[in-house]
Amino acid sequence: MDCNGTGGCESGCYKEENESTNGALPSVTNNPFSNLCLKCKSSEIIAGAVNGGNNMKLCGECFRGNLYGKFKFAVTANAMISPSDNVLVAFSGGTSSRVALQFVHEMQVKSQKNFDASRDRSLPVFGVGVAFVNESAFHRSPSIELDKEIEAMKLIVDELSPPTKAFHVIPIESICSSNSNSARDNLNELLSVVSDKTGKEDLLIQLRMLSLQKTALENRYTKLVLGSCTSRIACHVIASTVKGQGYSLAADIQYVDARLEIPVVYPLRDCTLQELNMLCKLDSLKTLELYNGSRAGINGLISSFVKLLQEENPSRECTIVRTAAKLSPFHFNKIPEEADDCNLQLASQRRRKKFNLKSNELLPPKSYCPICSSPLDKNSISSFTFENTHTSHESFGSKCCSSCQFQILPKETLQMEHFYSLLPQSITDRAKDGYCHNQRSIREQIQDCLLSDNEDGT
């Protein structure tokens, strides 16, 4: 073994190199093994490969395997996808959603191969659908260009090998009304009432989620897959803190969010945008940027701030998310167990990461914000909320979180009345449910186990 030419050694192992370089130590780049992958030690490394914000000397194949391993571990450890599921992948055409679609597809293909090879075929293959939310009603994109981009998206989905996947194009205005013409007008009128740029952008995000939920329910999907990565979640952590949403922050940064009717899962939570961009480049995954305008208000400032931090220290985004992850999750931050899938539960529990919830974490929040679905602590809920079961524009504001009250809701009474009349029915229904929402939801889940009035329990 050589001595690396250090410590005054007189063995002469670096004599020739020192003579050729006038006594200087040889450069590391001259070492033929310095460009080899640290994992497989057989292929050359790729420039710019990162892992969790740190530069990694990995070849393309090992880098891809490492990234897919993060995705697969998140899925299996949190029971995101089971064989009986029918998942809907939200696809915007961007880098994150493109990688999420690709990885879900590869997982489905492997499940199909295992199903075909098994004798008993006891575990079915989960279904996959793809959804794109068309926001042209708000962004005013040229219809010809948009049609081309949507056609390109459909081609991306069709080119994925079998099993086939349904492709849904969801006009975001459809959440406001069933009539397309009036729905477009209602959406623009609703957003025009919101004067704050940050509030307008946050409201649009919630309308996008409601549109995905509506499509998932109508087409019998059981899970909604979003491609939110570490970089986006890091921005959300700081933005939520600035907006005063600290209490509900823990709910938004977990792997699973089952607050709404269709559970939402985030399998790319541990992957940075830099990693995903590198993978798209390596695998030649086509991406599209339909609505790539700069973000406004607080969200735009936070994005620029986090980007600057990332340039100074590549691990900053991961540090932000890991720090925020120390917050205790809520009871809905795990996949709800279904009584009719006992065999699948036993199979998944062998590899599933358990949530070590304390007794106080098992208690559901008393109420949610009807706009952003943020859980509300008891100090944020007005006594007027409990006294009034009937919801009007006057009582609606008292049932919203402080962030929505400040950034989204109009201050003047007439504008508030007009704003309330334009809200989608799904939002106003949440406000009407109010305090009893969780209790009714829990009762519905255990309805089959309850005794009827004419049963004596014997």
# chains A, B, ... in the order shown; residues from 1 in each chain; ligands from 1
>>> select_by_dssp(residues="range 31-251 of chain A", states="strand (DSSP E or B)", output="PyMOL selection string")
chain A and resi 36+44+50-51+54-55+86-90+127-134+166-171+223-225
>>> closest_atom_pairs(of="range 75-183 of chain A", to="range 209-219 of chain A", cutoff="9 Å", atoms="only C-alpha atoms", output="CSV")
residue,atom,partner,partner_atom,distance
A:Val87,CA,A:Ala216,CA,8.5
A:Leu88,CA,A:Ala216,CA,6.7
A:Ala90,CA,A:Leu212,CA,7.6
A:Ala131,CA,A:Leu212,CA,7.4
A:Phe132,CA,A:Leu212,CA,8.5
A:Val133,CA,A:Ser211,CA,7.4
A:His168,CA,A:Thr215,CA,8.2
A:Ile170,CA,A:Ser211,CA,7.0
A:Pro171,CA,A:Ser211,CA,8.0
A:Ile172,CA,A:Ser211,CA,6.1
A:Glu173,CA,A:Ser211,CA,8.5
A:Ser174,CA,A:Ser211,CA,7.5
A:Ile175,CA,A:Ser211,CA,5.8
>>> residues_around(residues="Ala325 in chain A", least_positions_apart="6", cutoff="10 Å", atoms="only C-alpha atoms", output="PyMOL selection string")
chain A and resi 237+249-251+253-254+319
>>> closest_atom_pairs(of="range 41-152 of chain A", to="range 283-303 of chain A", cutoff="9 Å", atoms="only C-alpha atoms", output="Markdown table")
| residue | atom | partner | partner_atom | distance |
| --- | --- | --- | --- | --- |
| A:Arg64 | CA | A:Asp283 | CA | 9.0 |
| A:Ser92 | CA | A:Leu290 | CA | 7.7 |
| A:Gly93 | CA | A:Leu288 | CA | 4.5 |
| A:Gly94 | CA | A:Thr287 | CA | 5.4 |
| A:Thr95 | CA | A:Thr287 | CA | 6.0 |
| A:Arg98 | CA | A:Thr287 | CA | 6.6 |
| A:Val99 | CA | A:Leu285 | CA | 8.0 |
| A:Gln102 | CA | A:Leu285 | CA | 8.7 |
| A:Glu135 | CA | A:Tyr291 | CA | 8.3 |
| A:Ser136 | CA | A:Tyr291 | CA | 8.9 |
| A:His139 | CA | A:Tyr291 | CA | 7.5 |
| A:Ser141 | CA | A:Tyr291 | CA | 8.5 |
| A:Leu146 | CA | A:Leu290 | CA | 7.7 |
| A:Glu149 | CA | A:Leu288 | CA | 7.4 |
| A:Ala152 | CA | A:Leu288 | CA | 8.5 |
>>> closest_residue(among="A:Leu422, A:Cys62, A:Ala117, A:Leu273", to="Arg184 in chain A", atoms="only C-alpha atoms")
A:Leu422
>>> closest_residue(among="A:Cys372, A:Leu282, A:Val242, A:Val306", to="Ala431 in chain A", atoms="only C-alpha atoms")
A:Cys372
>>> closest_residue(among="A:Asn188, A:Met416, A:Val265, A:Gln274", to="Arg140 in chain A", atoms="only C-alpha atoms")
A:Asn188
>>> select_by_dssp(residues="range 229-308 of chain A", states="helix (DSSP H, G or I)", output="JSON, numbers by chain")
{"A": [230, 231, 232, 233, 234, 235, 236, 237, 238, 239, 240, 241, 242, 249, 250, 251, 252, 273, 274, 275, 276, 277, 278, 279, 280, 281, 282, 283, 297, 298, 299, 300, 301, 302, 303, 304, 305, 306, 307, 308]}
>>> closest_residue(among="A:Leu268, A:Val321, A:Ile150, A:Ala137", to="Asp185 in chain A", atoms="only C-alpha atoms")
A:Ala137
>>> atom_distance(atom1="CA of Ile46 in chain A", atom2="CA of Cys59 in chain A")
5.4 Å
>>> residues_around(residues="Tyr255 in chain A", least_positions_apart="5", cutoff="8 Å", atoms="only C-alpha atoms", output="list in words")
Ala74, Asn78, Val265, Tyr266, Pro267, Arg269, Asn333 and Lys334 of chain A
>>> write_last_selection(atoms="N, CA and C atoms", output="PDB file, in the first residue's frame")
ATOM      1  N   ALA A  74     -40.220   5.930   0.679  1.00  0.00           N
ATOM      2  CA  ALA A  74     -41.316   6.788   1.147  1.00  0.00           C
ATOM      3  C   ALA A  74     -42.658   6.113   0.912  1.00  0.00           C
ATOM      4  N   ASN A  78     -44.637   4.400   4.365  1.00  0.00           N
ATOM      5  CA  ASN A  78     -45.841   5.126   4.774  1.00  0.00           C
ATOM      6  C   ASN A  78     -47.115   4.555   4.165  1.00  0.00           C
ATOM      7  N   VAL A 265     -50.700  12.017  -1.047  1.00  0.00           N
ATOM      8  CA  VAL A 265     -49.391  11.469  -0.667  1.00  0.00           C
ATOM      9  C   VAL A 265     -48.280  12.209  -1.412  1.00  0.00           C
ATOM     10  N   TYR A 266     -47.112  12.281  -0.759  1.00  0.00           N
ATOM     11  CA  TYR A 266     -45.967  13.027  -1.296  1.00  0.00           C
ATOM     12  C   TYR A 266     -44.737  12.128  -1.334  1.00  0.00           C
ATOM     13  N   PRO A 267     -44.611  11.272  -2.345  1.00  0.00           N
ATOM     14  CA  PRO A 267     -43.489  10.313  -2.390  1.00  0.00           C
ATOM     15  C   PRO A 267     -42.138  10.944  -2.705  1.00  0.00           C
ATOM     16  N   ARG A 269     -40.955  13.697  -1.284  1.00  0.00           N
ATOM     17  CA  ARG A 269     -40.682  14.644  -0.202  1.00  0.00           C
ATOM     18  C   ARG A 269     -39.207  14.731   0.132  1.00  0.00           C
ATOM     19  N   ASN A 333     -52.231  12.526   9.399  1.00  0.00           N
ATOM     20  CA  ASN A 333     -50.999  12.410   8.614  1.00  0.00           C
ATOM     21  C   ASN A 333     -50.539  10.960   8.487  1.00  0.00           C
ATOM     22  N   LYS A 334     -51.478  10.080   8.281  1.00  0.00           N
ATOM     23  CA  LYS A 334     -51.186   8.681   7.965  1.00  0.00           C
ATOM     24  C   LYS A 334     -52.373   8.133   7.181  1.00  0.00           C
TER      25      LYS A 334
END
>>> atom_distance(atom1="CA of Ser231 in chain A", atom2="CA of Cys401 in chain A")
25.4 Å
>>> decode(residues="range 267-279 of chain A", atoms="N, CA and C atoms", output="short mmCIF file (atom, residue, chain, number, x, y, z; two decimals), in the first residue's frame")
data_model
loop_
_atom_site.label_atom_id
_atom_site.label_comp_id
_atom_site.auth_asym_id
_atom_site.auth_seq_id
_atom_site.Cartn_x
_atom_site.Cartn_y
_atom_site.Cartn_z
N PRO A 267 -44.61 11.27 -2.35
CA PRO A 267 -43.49 10.31 -2.39
C PRO A 267 -42.14 10.94 -2.71
N LEU A 268 -42.11 12.18 -3.22
CA LEU A 268 -40.83 12.85 -3.55
C LEU A 268 -40.43 13.85 -2.47
N ARG A 269 -40.95 13.70 -1.28
CA ARG A 269 -40.68 14.64 -0.20
C ARG A 269 -39.21 14.73 0.13
N ASP A 270 -38.45 13.65 -0.05
CA ASP A 270 -37.03 13.62 0.31
C ASP A 270 -36.11 13.89 -0.88
N CYS A 271 -36.66 14.32 -2.01
CA CYS A 271 -35.86 14.57 -3.21
C CYS A 271 -35.83 16.07 -3.50
N THR A 272 -34.66 16.61 -3.79
CA THR A 272 -34.54 18.03 -4.10
C THR A 272 -34.82 18.27 -5.58
N LEU A 273 -35.13 19.51 -5.91
CA LEU A 273 -35.40 19.86 -7.30
C LEU A 273 -34.16 19.67 -8.16
N GLN A 274 -32.98 19.92 -7.60
CA GLN A 274 -31.74 19.73 -8.34
C GLN A 274 -31.56 18.27 -8.74
N GLU A 275 -31.90 17.36 -7.84
CA GLU A 275 -31.82 15.93 -8.14
C GLU A 275 -32.80 15.55 -9.25
N LEU A 276 -34.02 16.08 -9.16
CA LEU A 276 -35.04 15.75 -10.15
C LEU A 276 -34.69 16.30 -11.53
N ASN A 277 -34.11 17.51 -11.56
CA ASN A 277 -33.67 18.07 -12.84
C ASN A 277 -32.57 17.22 -13.46
N MET A 278 -31.66 16.74 -12.62
CA MET A 278 -30.58 15.89 -13.11
C MET A 278 -31.13 14.59 -13.69
N LEU A 279 -32.13 14.01 -13.02
CA LEU A 279 -32.71 12.76 -13.52
C LEU A 279 -33.41 12.96 -14.86
#
